[in-house]
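For reference, entry_24.cif (mmCIF, C-alpha atoms):
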data_start
loop_
_atom_site.label_atom_id
_atom_site.label_comp_id
_atom_site.auth_asym_id
_atom_site.auth_seq_id
_atom_site.Cartn_x
_atom_site.Cartn_y
_atom_site.Cartn_z
CA MET A 1 15.11 10.24 4.72
CA ALA A 2 18.42 8.79 3.74
CA ASN A 3 20.63 10.21 1.04
CA THR A 4 20.36 8.99 -2.52
CA SER A 5 23.25 6.55 -2.47
CA GLU A 6 21.93 4.93 0.70
CA ILE A 7 18.53 4.54 -0.86
CA ASP A 8 20.07 3.09 -4.00
CA ALA A 9 21.99 0.63 -1.88
CA LEU A 10 18.82 -0.27 -0.02
CA PHE A 11 16.93 -1.00 -3.18
CA GLY A 12 19.69 -2.99 -4.73
CA GLY A 13 20.06 0.15 -6.85
CA SER A 14 22.77 0.25 -9.43
CA PRO A 15 23.91 -3.35 -9.40
CA VAL A 16 27.36 -3.71 -7.96
CA ALA A 17 29.72 -5.46 -10.33
CA ALA A 18 31.32 -8.65 -9.10
CA PRO A 19 35.02 -8.27 -8.26
CA GLY A 20 37.11 -8.42 -11.37
CA SER A 21 34.27 -7.71 -13.76
CA GLU A 22 33.65 -4.40 -15.52
CA ALA A 23 30.07 -3.15 -15.19
CA GLN A 24 28.74 -1.62 -18.39
CA PRO A 25 25.49 0.26 -18.05
CA GLY A 26 22.70 -1.17 -20.13
CA LEU A 27 24.31 -4.53 -20.71
CA ILE A 28 22.64 -7.25 -18.74
CA ALA A 29 25.50 -9.64 -19.38
CA SER A 30 27.78 -7.43 -17.29
CA ASP A 31 25.13 -6.73 -14.67
CA GLY A 32 26.40 -8.58 -11.61
CA GLY A 33 23.98 -11.31 -10.62
CA ALA A 34 21.47 -10.76 -13.40
CA ARG A 35 20.07 -13.99 -14.77
CA GLU A 36 16.98 -15.54 -16.25
CA ALA A 37 14.37 -16.60 -13.73
CA ASP A 38 13.51 -20.24 -13.36
CA GLU A 39 10.07 -21.39 -12.33
CA SER A 40 10.98 -22.01 -8.70
CA ASP A 41 12.22 -18.45 -8.11
CA LEU A 42 8.94 -16.65 -7.43
CA PRO A 43 7.42 -19.32 -5.14
CA ARG A 44 10.73 -19.44 -3.27
CA ALA A 45 10.79 -15.64 -2.95
CA TRP A 46 7.29 -15.75 -1.40
CA GLN A 47 8.52 -18.38 1.07
CA VAL A 48 11.42 -16.16 2.06
CA LEU A 49 9.08 -13.17 2.49
CA GLU A 50 6.82 -15.23 4.75
CA GLN A 51 9.75 -15.44 7.17
CA VAL A 52 10.29 -11.65 7.29
CA MET A 53 8.47 -10.37 10.36
CA ASP A 54 7.06 -6.93 11.02
CA PRO A 55 9.63 -5.38 13.40
CA GLU A 56 6.88 -3.73 15.47
CA VAL A 57 4.65 -6.79 15.57
CA PRO A 58 7.01 -9.75 15.30
CA ALA A 59 4.08 -12.20 15.31
CA VAL A 60 3.08 -11.43 11.72
CA SER A 61 5.06 -11.59 8.51
CA VAL A 62 5.11 -8.94 5.82
CA VAL A 63 3.04 -11.35 3.69
CA ASP A 64 0.43 -11.77 6.46
CA LEU A 65 0.26 -7.97 6.73
CA GLY A 66 -0.58 -7.68 3.06
CA ILE A 67 2.13 -5.12 2.34
CA ILE A 68 3.81 -7.21 -0.40
CA ARG A 69 1.95 -6.07 -3.51
CA GLU A 70 3.92 -7.79 -6.23
CA VAL A 71 6.78 -10.20 -6.69
CA SER A 72 8.14 -10.53 -10.22
CA TRP A 73 11.28 -10.90 -12.27
CA VAL A 74 12.47 -7.71 -13.96
CA ASP A 75 15.64 -7.29 -16.05
CA GLY A 76 17.27 -10.32 -14.56
CA HIS A 77 16.50 -9.46 -10.95
CA LEU A 78 13.80 -10.19 -8.44
CA MET A 79 11.48 -7.19 -7.96
CA VAL A 80 9.33 -6.81 -4.84
CA ALA A 81 6.73 -4.04 -4.55
CA VAL A 82 6.03 -3.05 -0.94
CA THR A 83 3.38 -0.63 0.27
CA PRO A 84 3.78 1.28 3.55
CA THR A 85 1.05 0.85 6.17
CA TYR A 86 1.09 4.53 7.20
CA SER A 87 2.71 7.50 5.44
CA GLY A 88 4.94 8.17 8.42
CA CYS A 89 5.53 4.62 9.58
CA PRO A 90 9.11 4.69 10.89
CA ALA A 91 9.43 0.96 10.22
CA THR A 92 9.08 1.43 6.45
CA GLU A 93 12.83 1.68 5.77
CA LEU A 94 13.64 -1.07 8.26
CA ILE A 95 11.11 -3.44 6.70
CA GLU A 96 12.53 -2.74 3.24
CA SER A 97 16.06 -3.42 4.37
CA GLU A 98 14.99 -6.60 6.20
CA ILE A 99 13.30 -7.82 3.04
CA ALA A 100 16.35 -7.03 0.91
CA LYS A 101 18.62 -8.75 3.41
CA ALA A 102 16.49 -11.89 3.62
CA LEU A 103 16.30 -12.17 -0.17
CA GLU A 104 20.05 -11.62 -0.56
CA GLN A 105 20.72 -14.33 2.01
CA ALA A 106 18.43 -16.66 0.10
CA GLY A 107 20.59 -16.13 -2.97
CA PHE A 108 18.68 -13.47 -4.88
CA ARG A 109 21.36 -11.10 -6.14
CA ALA A 110 20.57 -7.37 -5.87
CA PRO A 111 16.80 -7.67 -5.43
CA ARG A 112 14.92 -4.53 -6.43
CA LEU A 113 12.44 -3.03 -4.03
CA GLU A 114 9.76 -0.64 -5.16
CA ARG A 115 7.75 1.46 -2.72
CA ARG A 116 4.19 1.52 -4.02
CA LEU A 117 1.65 3.99 -2.59
CA SER A 118 -1.35 3.12 -4.70
CA PRO A 119 -3.70 1.50 -4.03
CA ALA A 120 -3.30 2.57 -0.43
CA TRP A 121 -2.81 -0.23 2.07
CA THR A 122 -5.90 -1.38 3.89
CA THR A 123 -6.25 -3.68 6.88
CA ASP A 124 -8.61 -5.72 4.67
CA TRP A 125 -5.40 -7.15 3.18
CA ILE A 126 -4.27 -8.75 6.44
CA SER A 127 -4.61 -12.50 5.93
CA GLU A 128 -6.79 -14.74 8.11
CA GLN A 129 -3.61 -16.32 9.40
CA GLY A 130 -2.27 -12.85 10.19
CA ARG A 131 -5.42 -11.95 12.13
CA GLU A 132 -5.20 -15.14 14.16
CA ARG A 133 -1.51 -14.52 14.88
CA LEU A 134 -2.28 -10.96 16.02
CA ARG A 135 -4.97 -12.26 18.38
CA VAL A 136 -2.64 -14.87 19.87
CA TYR A 137 0.03 -12.19 20.27
CA GLY A 138 -2.46 -10.11 22.31
CA ILE A 139 -3.43 -7.55 19.67
CA ALA A 140 -7.07 -7.36 18.63
CA PRO A 141 -7.17 -7.65 14.82
CA PRO A 142 -9.06 -5.01 12.80
CA SER A 143 -12.79 -5.59 12.87
CA GLY A 144 -15.11 -5.16 9.93
CA SER A 145 -14.31 -3.72 6.54
CA SER A 146 -12.46 -0.47 5.95
CA SER A 147 -15.05 0.62 3.40
CA LYS A 148 -17.86 0.78 5.94
CA ARG A 149 -16.58 3.61 8.05
CA SER A 150 -18.19 6.89 8.91
CA LEU A 151 -16.19 9.98 9.64
CA LEU A 152 -17.35 11.39 12.95
CA GLY A 153 -18.79 8.17 13.62
CA GLU A 154 -19.58 5.06 15.19
CA LYS A 155 -17.32 2.87 17.18
CA ASP A 156 -15.78 -0.36 15.97
CA GLU A 157 -16.85 -3.51 17.71
CA VAL A 158 -13.62 -4.78 19.17
CA CYS A 159 -13.21 -8.13 20.94
CA CYS A 160 -10.79 -8.49 23.83
CA PRO A 161 -7.90 -10.71 22.65
CA GLN A 162 -7.49 -12.03 26.21
CA CYS A 163 -11.00 -13.14 27.16
CA GLY A 164 -12.99 -12.65 23.95
CA SER A 165 -15.51 -10.25 25.52
CA HIS A 166 -17.24 -7.68 23.29
CA ASP A 167 -17.57 -5.33 26.24
CA THR A 168 -14.58 -3.12 25.45
CA GLU A 169 -13.92 0.61 25.41
CA VAL A 170 -11.47 2.84 23.59
CA VAL A 171 -8.84 4.50 25.77
CA SER A 172 -7.12 6.33 22.92
CA GLN A 173 -7.48 6.26 19.14
CA PHE A 174 -3.70 6.21 19.00
CA GLY A 175 -1.50 3.59 20.60
CA SER A 176 2.10 2.47 20.78
CA THR A 177 2.52 2.57 17.00
CA ALA A 178 0.73 4.38 14.17
CA CYS A 179 -1.27 1.29 13.27
CA LYS A 180 -2.72 0.64 16.72
CA ALA A 181 -5.30 2.11 19.10
CA LEU A 182 -5.45 1.54 22.84
CA TYR A 183 -8.46 -0.29 24.28
CA ARG A 184 -9.56 -1.68 27.63
CA CYS A 185 -11.74 -4.71 28.31
CA ARG A 186 -14.58 -4.06 30.74
CA SER A 187 -14.93 -7.77 31.48
CA CYS A 188 -11.38 -8.81 32.35
CA LEU A 189 -10.18 -5.23 32.86
CA GLU A 190 -7.04 -5.80 30.78
CA PRO A 191 -5.81 -3.01 28.51
CA PHE A 192 -4.87 -4.14 24.99
CA ASP A 193 -3.78 -2.88 21.58
CA TYR A 194 -6.24 -2.84 18.69
CA PHE A 195 -5.00 -2.92 15.10
CA LYS A 196 -6.91 0.01 13.62
CA CYS A 197 -9.16 -0.66 10.67
CA ILE A 198 -8.14 1.60 7.78
CA MET B 1 1.59 18.98 -17.75
CA THR B 2 4.50 21.27 -18.65
CA ASP B 3 2.11 24.23 -18.63
CA ASN B 4 1.14 23.35 -15.12
CA LYS B 5 4.56 22.31 -13.88
CA ASN B 6 5.44 25.45 -11.92
CA ASP B 7 1.94 25.63 -10.52
CA LEU B 8 2.18 22.01 -9.52
CA ILE B 9 5.52 22.44 -7.73
CA GLU B 10 4.13 25.40 -5.81
CA TYR B 11 1.01 23.43 -4.90
CA LEU B 12 2.99 20.39 -3.74
CA LEU B 13 5.17 22.60 -1.54
CA ARG B 14 2.05 24.06 0.08
CA LEU B 15 0.73 20.59 0.84
CA GLY B 16 4.11 19.41 2.07
CA ASP B 17 4.78 22.52 4.17
CA ASN B 18 1.34 22.37 5.82
CA ALA B 19 1.97 18.80 6.90
CA MET B 20 5.61 19.41 7.88
CA ILE B 21 5.06 22.53 9.98
CA ASN B 22 1.96 21.12 11.67
CA GLY B 23 3.89 17.94 12.45
CA GLN B 24 6.83 19.90 13.86
CA ARG B 25 4.56 21.99 16.07
CA LEU B 26 2.79 18.90 17.39
CA CYS B 27 6.08 17.31 18.32
CA GLU B 28 6.76 20.25 20.64
CA TRP B 29 4.22 18.55 22.92
CA CYS B 30 6.56 15.59 23.30
CA GLY B 31 7.23 15.19 27.02
CA ARG B 32 4.72 17.91 27.92
CA ALA B 33 1.28 16.63 26.98
CA PRO B 34 -1.33 16.57 29.76
CA ALA B 35 -1.75 12.77 29.66
CA LEU B 36 0.25 9.85 28.32
CA GLU B 37 -2.48 8.83 25.86
CA GLU B 38 -2.62 12.39 24.53
CA GLU B 39 1.11 12.49 24.09
CA MET B 40 1.03 9.26 22.09
CA ALA B 41 -1.88 10.51 20.01
CA LEU B 42 -0.15 13.81 19.19
CA MET B 43 3.13 12.11 18.29
CA ASN B 44 1.24 9.62 16.09
CA VAL B 45 -0.55 12.43 14.30
CA GLY B 46 2.74 14.31 13.93
CA LEU B 47 4.41 11.24 12.50
CA ASP B 48 1.63 10.73 9.96
CA LEU B 49 2.02 14.35 8.89
CA VAL B 50 5.80 14.21 8.53
CA GLY B 51 5.38 11.04 6.43
CA GLN B 52 2.84 12.79 4.23
CA ALA B 53 5.16 15.80 3.92
CA ARG B 54 7.91 13.52 2.68
CA ASN B 55 5.60 12.07 0.01
CA TRP B 56 4.71 15.57 -1.25
CA TYR B 57 8.32 16.80 -1.08
CA GLU B 58 9.62 13.79 -2.98
CA TYR B 59 7.21 14.51 -5.80
CA ALA B 60 8.08 18.22 -5.73
CA ALA B 61 11.80 17.39 -5.79
CA GLU B 62 11.36 15.19 -8.85
CA LEU B 63 9.57 17.98 -10.70
CA LEU B 64 12.06 20.61 -9.57
CA ALA B 65 14.92 18.40 -10.79
CA ASP B 66 17.47 20.87 -9.46
CA GLY B 67 19.37 18.34 -7.36
CA ARG B 68 17.47 19.02 -4.15
CA ASP B 69 15.81 16.11 -2.38
CA ALA B 70 12.98 15.96 0.16
CA ASP B 71 15.35 16.60 3.08
CA GLN B 72 16.79 19.69 1.46
CA LEU B 73 13.33 21.04 0.75
CA ALA B 74 12.42 20.56 4.40
CA PHE B 75 15.63 21.74 6.02
CA ARG B 76 17.33 24.20 3.68
CA ARG B 77 14.63 26.61 2.64
CA ASP B 78 14.21 29.97 4.34
CA GLU B 79 11.06 31.23 5.95
CA ARG B 80 9.96 33.20 2.88
CA ALA B 81 10.19 30.07 0.74
CA TYR B 82 7.79 28.21 3.03
CA ARG B 83 4.26 27.94 1.67
CA ASN B 84 2.31 26.63 4.67
CA THR B 85 -0.87 28.21 5.90
CA LEU B 86 -0.50 30.63 8.85
CA LEU B 87 -2.69 28.52 11.12
CA VAL B 88 -0.25 25.62 11.49
CA GLU B 89 2.74 27.78 12.44
CA GLN B 90 0.95 29.35 15.42
CA PRO B 91 2.29 28.48 18.88
CA ASN B 92 0.58 25.59 20.64
CA GLY B 93 -0.74 27.67 23.55
CA ASP B 94 -2.74 25.64 26.06
CA TYR B 95 -4.45 22.40 25.13
CA ALA B 96 -7.57 24.19 23.94
CA VAL B 97 -5.55 26.38 21.54
CA THR B 98 -3.81 23.28 20.17
CA THR B 99 -7.17 21.51 19.87
CA ALA B 100 -8.73 24.47 18.04
CA LYS B 101 -5.78 24.70 15.64
CA LEU B 102 -5.79 20.98 14.97
CA PHE B 103 -9.52 20.69 14.45
CA LEU B 104 -9.75 23.65 12.08
CA PHE B 105 -6.80 22.34 10.11
CA ASP B 106 -7.89 18.67 10.18
CA ALA B 107 -11.32 19.57 8.78
CA TRP B 108 -9.65 21.47 5.91
CA HIS B 109 -7.08 18.73 5.41
CA PHE B 110 -9.75 16.02 5.32
CA HIS B 111 -11.82 17.75 2.66
CA THR B 112 -8.76 18.75 0.64
CA LEU B 113 -7.34 15.23 0.57
CA SER B 114 -10.82 13.84 -0.21
CA ALA B 115 -10.91 16.04 -3.29
CA LEU B 116 -7.30 15.26 -4.23
CA SER B 117 -7.96 11.51 -4.04
CA ALA B 118 -9.83 12.04 -7.33
CA SER B 119 -7.06 14.14 -8.90
CA SER B 120 -6.26 13.47 -12.54
CA ASP B 121 -2.60 13.42 -11.47
CA GLU B 122 -2.14 9.81 -10.37
CA ARG B 123 0.72 10.52 -8.02
CA ILE B 124 -1.27 13.21 -6.19
CA ALA B 125 -4.29 10.91 -6.01
CA ALA B 126 -2.14 8.12 -4.52
CA ILE B 127 -0.50 10.31 -1.86
CA ALA B 128 -3.85 11.90 -0.97
CA ALA B 129 -5.74 8.59 -0.75
CA LYS B 130 -3.03 7.25 1.54
CA GLY B 131 -3.04 10.35 3.74
CA LEU B 132 -6.82 10.54 3.85
CA LYS B 133 -7.05 7.31 5.82
CA GLU B 134 -4.79 8.85 8.45
CA VAL B 135 -6.39 12.27 8.44
CA THR B 136 -9.81 10.69 8.98
CA TYR B 137 -8.51 9.56 12.36
CA HIS B 138 -6.96 12.96 13.04
CA LEU B 139 -10.24 14.74 12.40
CA ARG B 140 -12.26 12.31 14.46
CA ARG B 141 -9.92 12.78 17.39
CA SER B 142 -9.66 16.57 17.28
CA GLY B 143 -13.43 16.86 16.71
CA GLU B 144 -14.07 14.75 19.80
CA TRP B 145 -11.78 16.99 21.84
CA VAL B 146 -13.56 20.14 20.67
CA GLU B 147 -16.79 18.54 21.83
CA ARG B 148 -15.36 17.35 25.13
CA LEU B 149 -13.82 20.70 26.03
CA GLY B 150 -16.65 22.83 24.63
CA ASP B 151 -19.33 20.82 26.37
CA GLY B 152 -17.28 19.95 29.46
CA THR B 153 -16.73 22.08 32.55
CA GLU B 154 -17.15 25.82 32.75
CA GLN B 155 -13.38 26.20 32.69
CA SER B 156 -12.84 23.89 29.71
CA ARG B 157 -15.59 25.71 27.82
CA GLN B 158 -14.03 29.12 28.50
CA ARG B 159 -10.64 27.82 27.40
CA MET B 160 -12.09 26.29 24.23
CA LEU B 161 -13.84 29.55 23.38
CA ALA B 162 -10.60 31.45 23.97
CA GLY B 163 -8.67 28.91 21.89
CA ILE B 164 -11.01 29.29 18.94
CA ASP B 165 -10.91 33.06 19.32
CA GLU B 166 -7.10 32.96 19.28
CA VAL B 167 -6.74 31.18 15.93
CA TRP B 168 -9.99 31.78 14.06
CA ARG B 169 -8.59 34.81 12.17
CA PHE B 170 -6.07 32.52 10.43
CA THR B 171 -8.88 30.57 8.76
CA PHE B 172 -9.10 33.33 6.15
CA ASP B 173 -5.64 32.29 4.94
CA LEU B 174 -6.55 28.60 5.28
CA LEU B 175 -9.61 28.86 3.04
CA SER B 176 -8.49 31.52 0.59
CA SER B 177 -7.68 30.67 -2.99
CA ASP B 178 -5.33 32.09 -5.62
CA GLU B 179 -4.79 31.72 -9.37
CA ILE B 180 -2.55 28.70 -8.94
CA GLN B 181 -5.28 26.80 -7.12
CA GLN B 182 -7.88 27.92 -9.63
CA ARG B 183 -5.81 26.83 -12.62
CA LEU B 184 -5.00 23.45 -11.07
CA ALA B 185 -8.62 22.90 -10.03
CA ALA B 186 -9.77 23.72 -13.57
CA ALA B 187 -7.27 21.17 -14.90
CA GLY B 188 -8.68 18.50 -12.58
CA ILE B 189 -5.37 18.29 -10.71
CA GLY B 190 -5.95 20.42 -7.60
CA ALA B 191 -8.83 20.71 -5.16
CA ASP B 192 -11.59 23.25 -5.75
CA ALA B 193 -10.94 25.66 -2.87
CA THR B 194 -14.50 26.98 -2.86
CA ALA B 195 -15.95 23.49 -2.50
CA VAL B 196 -13.41 22.65 0.21
CA ALA B 197 -14.32 25.86 2.10
CA ALA B 198 -18.03 24.97 1.96
CA ALA B 199 -17.41 21.43 3.19
CA TRP B 200 -15.10 22.78 5.91
CA GLN B 201 -17.82 25.19 7.08
CA ALA B 202 -20.34 22.33 7.29
CA THR B 203 -17.98 20.16 9.35
CA VAL B 204 -17.11 23.03 11.70
CA GLU B 205 -20.79 23.85 12.19
CA GLN B 206 -21.65 20.22 12.87
CA VAL B 207 -18.97 19.76 15.52
CA PHE B 208 -19.44 23.18 17.13
CA GLU B 209 -23.16 22.49 17.42
CA ARG B 210 -22.49 19.21 19.23
CA ALA B 211 -20.05 21.06 21.47
CA SER B 212 -22.58 23.86 22.15
CA LEU B 213 -20.09 26.36 20.76
CA PRO B 214 -21.09 29.37 18.67
CA VAL B 215 -19.69 29.42 15.12
CA PRO B 216 -17.81 32.71 14.61
CA GLN B 217 -18.45 34.91 11.59
CA PRO B 218 -16.21 34.06 8.61
CA ALA B 219 -12.73 35.44 9.21
CA SER B 220 -12.00 38.68 7.41
CA TYR B 221 -9.05 39.51 5.15
CA PHE B 222 -5.69 39.13 6.84
CA TYR B 223 -2.67 41.04 5.58
CA LEU B 224 -0.27 38.08 5.70
CA ASP B 225 -0.40 35.24 3.18
CA GLY B 226 1.28 31.90 3.89
CA LYS B 227 0.96 30.79 0.27
CA ARG B 228 3.18 33.68 -0.83
CA GLY B 229 5.66 33.18 1.99
CA LEU B 230 4.38 36.09 4.09
CA HIS B 231 4.32 34.50 7.54
CA THR B 232 3.76 35.49 11.13
CA GLU B 233 6.87 35.94 13.28
CA HIS B 234 6.44 32.43 14.72
CA LEU B 235 7.57 30.49 11.65
CA GLY B 236 11.15 31.76 11.65
CA ILE B 237 11.63 30.67 15.26
CA LEU B 238 10.14 27.25 14.52
CA LEU B 239 12.44 26.81 11.51
CA ALA B 240 15.49 27.90 13.50
CA GLU B 241 14.95 24.91 15.76
CA MET B 242 13.76 22.47 13.11
CA GLN B 243 16.57 23.25 10.67
CA PHE B 244 19.40 23.70 13.16
CA LEU B 245 21.19 20.43 12.49
CA GLN B 246 21.21 20.68 8.70
CA ARG B 247 22.23 24.34 8.87
CA ALA B 248 25.04 23.74 11.35
CA TYR B 249 26.24 20.50 9.79
CA PRO B 250 25.18 20.59 6.13
CA ASP B 251 24.66 17.18 4.54
CA ALA B 252 24.94 15.37 7.87
CA THR B 253 23.34 11.95 7.64
CA TRP B 254 22.62 9.16 10.09
#

In structure tokens, what does this structure look like?
Amino acid sequence: MANTSEIDALFGGSPVAAPGSEAQPGLIASDGGAREADESDLPRAWQVLEQVMDPEVPAVSVVDLGIIREVSWVDGHLMVAVTPTYSGCPATELIESEIAKALEQAGFRAPRLERRLSPAWTTDWISEQGRERLRVYGIAPPSGSSSKRSLLGEKDEVCCPQCGSHDTEVVSQFGSTACKALYRCRSCLEPFDYFKCI
Amino acid sequence: MTDNKNDLIEYLLRLGDNAMINGQRLCEWCGRAPALEEEMALMNVGLDLVGQARNWYEYAAELLADGRDADQLAFRRDERAYRNTLLVEQPNGDYAVTTAKLFLFDAWHFHTLSALSASSDERIAAIAAKGLKEVTYHLRRSGEWVERLGDGTEQSRQRMLAGIDEVWRFTFDLLSSDEIQQRLAAAGIGADATAVAAAWQATVEQVFERASLPVPQPASYFYLDGKRGLHTEHLGILLAEMQFLQRAYPDATW
């Protein structure tokens, strides 16, 4: 929970006027860096975002994770809507600042980031590429669909990312980060992280 | 909306305070939990709850519009201004007491957020739908522990029974309802407390049956009322620790 000015800074906030220019609220012409979008901007922004990795799971990008909900051009600036994976995910702020930094470095002046809660993030949004990258990294990707879950219910079928065996058991529903559970493979006996299906 | 604004602020603070105080209590287990996996689980649950608290506080702060932000709501209010239910402020006790507290709260939280996911207030529905995914895991975990301890060894069973006995009386406060809740439920904004209480009872009965534990009689009227800021003596001590930094060094930031 940062203070307001820090959050503003993080989100590009009130655009900072270029040195020597006088910012006048409401006037786009004086809004440092504001410009019309050209047709290459949005595809290029997506390319930049594909290079921003999840700090907790550096194998997958924020695009693979499915947390980028919208990329558009608003009032002369790039706007990116990001949804948090978990309400208390401590990486939320870091991911937002990494995204803002990457976009700034790619030449997008004062990109605007919006934190969007609804619809709530689901592991169904992790791309096929993201799932494969998780597996290679040693994390079992979420299995099945988040909509088919019972409350006090039945176990997920989780494959060992090391040997591929289905003979696995849960050690703890909660693992090293909010998004993971801890499993063990009964075949190769290796413990591993499982990306929880939510 | 304006008619309901004060009700809504009060309601959001209750939701935020429940999550915040429960999260703070859980984090007292950090470095002391009986097993590494349990410690990680409790910290994960605590983190989810603090994140949910922030979402509720941010909405409350916007409606209050008095210059306070989520941090100030969490760290600068006095005990009497806290609106959490009495159950979550109770000391952790042994692992069975913590398990009993968590399970009874998680079951209520699950059914409350389920109802709020359909709130006519879009912001409430969004925060609740997000939190519900997390709380589903919380409830599954605490329910499994009730079963494991209740149906485990003779000692674990005795401890579980004692743990339930220790905190059961606070479920009156947990399930009770006041005019604010009734008005918001009628407006389609808040959860229907009577329906939540019935669903809670069904979940508790289901899990206690699996754990071979008797379901106590409904808790009777308790003279304190968390919703009105009338707390047990434990909350003040908890806040003294939780709020120390912001009280000693106001406006300190990272």

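Applying a distance limit of 8 Å to only C-alpha atoms, the residues of chain B near chain A read B:Glu37, B:Glu38, B:Met40, B:Ala41, B:Asn44, B:Leu47, B:Asp48, B:Leu49, B:Val50, B:Gly51, B:Gln52, B:Asn55, B:Ala70, B:Asp71, B:Ala126, B:Ile127, B:Ala129, B:Lys130, B:Gly131, B:Lys133, B:Glu134, B:Thr136, B:Tyr137, B:Leu139, B:Arg140, B:Arg141, B:Gly143, B:Thr253, B:Trp254.
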
Could you take the residues named above and write them with C-alpha atoms, as a compact mmCIF listing (two decimals), in the frame of the given file?
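again-v1.txt written:
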# COMPACT_ATOMS: atom_id res chain seq x y z
CA GLU B 37 -2.48 8.83 25.86
CA GLU B 38 -2.62 12.39 24.53
CA MET B 40 1.03 9.26 22.09
CA ALA B 41 -1.88 10.51 20.01
CA ASN B 44 1.24 9.62 16.09
CA LEU B 47 4.41 11.24 12.50
CA ASP B 48 1.63 10.73 9.96
CA LEU B 49 2.02 14.35 8.89
CA VAL B 50 5.80 14.21 8.53
CA GLY B 51 5.38 11.04 6.43
CA GLN B 52 2.84 12.79 4.23
CA ASN B 55 5.60 12.07 0.01
CA ALA B 70 12.98 15.96 0.16
CA ASP B 71 15.35 16.60 3.08
CA ALA B 126 -2.14 8.12 -4.52
CA ILE B 127 -0.50 10.31 -1.86
CA ALA B 129 -5.74 8.59 -0.75
CA LYS B 130 -3.03 7.25 1.54
CA GLY B 131 -3.04 10.35 3.74
CA LYS B 133 -7.05 7.31 5.82
CA GLU B 134 -4.79 8.85 8.45
CA THR B 136 -9.81 10.69 8.98
CA TYR B 137 -8.51 9.56 12.36
CA LEU B 139 -10.24 14.74 12.40
CA ARG B 140 -12.26 12.31 14.46
CA ARG B 141 -9.92 12.78 17.39
CA GLY B 143 -13.43 16.86 16.71
CA THR B 253 23.34 11.95 7.64
CA TRP B 254 22.62 9.16 10.09

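Put simply, atom CA of B:Leu87 is 6.9 Å away from atom CA of B:Thr171.
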
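Nearest-residue note for A:Asp75: choosing from A:Pro55, A:Pro43, A:Gly107, A:Gly33, the minimum distance belongs to A:Gly33, counting all atoms listed in the file.
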
Within 9 Å of (-17.0, -3.7, 18.0), all atoms listed in the file: residues as a short mmCIF file (atom, residue, chain, number, x, y, z; two decimals) with C-alpha atoms, in the frame of the given file?
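That gives us part_26.cif:
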data_model
loop_
_atom_site.label_atom_id
_atom_site.label_comp_id
_atom_site.auth_asym_id
_atom_site.auth_seq_id
_atom_site.Cartn_x
_atom_site.Cartn_y
_atom_site.Cartn_z
CA SER A 143 -12.79 -5.59 12.87
CA GLY A 144 -15.11 -5.16 9.93
CA LYS A 155 -17.32 2.87 17.18
CA ASP A 156 -15.78 -0.36 15.97
CA GLU A 157 -16.85 -3.51 17.71
CA VAL A 158 -13.62 -4.78 19.17
CA CYS A 159 -13.21 -8.13 20.94
CA HIS A 166 -17.24 -7.68 23.29
CA ASP A 167 -17.57 -5.33 26.24
CA THR A 168 -14.58 -3.12 25.45
#

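Listed by chain and then by number, the residues chosen by the PyMOL selection byres ((chain A and resi 37) around 8) in this file are A:Arg35, A:Glu36, A:Asp38, A:Glu39, A:Asp41, A:Trp73, A:Gly76, A:His77.
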
Using the chain letters and numbers from this file, what does the PyMOL selection byres ((chain A and resi 185) around 12) select? Give the answer as an NGL selection string.
:A and (140 or 157-171 or 182-184 or 186-194)

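What separates atom CA of B:Gln90 from atom CA of B:Val215 is a distance of 20.6 Å.
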
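Comparing B:Ser220, B:Ser156, B:Asn84, B:Thr203 by their smallest distance to B:Phe103, the closest is B:Thr203 (using only C-alpha atoms).
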
A straight line from atom CA of B:Ala100 to atom CA of B:Gly190 spans 26.1 Å

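Using all atoms listed in the file, the nearest neighbour of A:Tyr137 within the list A:Pro58, A:Phe108, A:Thr92, A:Asp124 is A:Pro58.
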
Applied to this file, what does the PyMOL selection byres ((chain B and resi 236) around 12) return in terms of residues, put as number ranges by chain?
B: 21, 77-82, 89-91, 229-235, 237-244

Would you put the residues from that selection into a file with C-alpha atoms, as a short mmCIF file (atom, residue, chain, number, x, y, z; two decimals), keeping the file's coordinate frame?
data_model
loop_
_atom_site.label_atom_id
_atom_site.label_comp_id
_atom_site.auth_asym_id
_atom_site.auth_seq_id
_atom_site.Cartn_x
_atom_site.Cartn_y
_atom_site.Cartn_z
CA ILE B 21 5.06 22.53 9.98
CA ARG B 77 14.63 26.61 2.64
CA ASP B 78 14.21 29.97 4.34
CA GLU B 79 11.06 31.23 5.95
CA ARG B 80 9.96 33.20 2.88
CA ALA B 81 10.19 30.07 0.74
CA TYR B 82 7.79 28.21 3.03
CA GLU B 89 2.74 27.78 12.44
CA GLN B 90 0.95 29.35 15.42
CA PRO B 91 2.29 28.48 18.88
CA GLY B 229 5.66 33.18 1.99
CA LEU B 230 4.38 36.09 4.09
CA HIS B 231 4.32 34.50 7.54
CA THR B 232 3.76 35.49 11.13
CA GLU B 233 6.87 35.94 13.28
CA HIS B 234 6.44 32.43 14.72
CA LEU B 235 7.57 30.49 11.65
CA ILE B 237 11.63 30.67 15.26
CA LEU B 238 10.14 27.25 14.52
CA LEU B 239 12.44 26.81 11.51
CA ALA B 240 15.49 27.90 13.50
CA GLU B 241 14.95 24.91 15.76
CA MET B 242 13.76 22.47 13.11
CA GLN B 243 16.57 23.25 10.67
CA PHE B 244 19.40 23.70 13.16
#

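Nearest to B:Ala219 of all the residues B:Ser120, B:Thr194, B:Ser176, B:Gln206 is B:Ser176, counting all atoms listed in the file.
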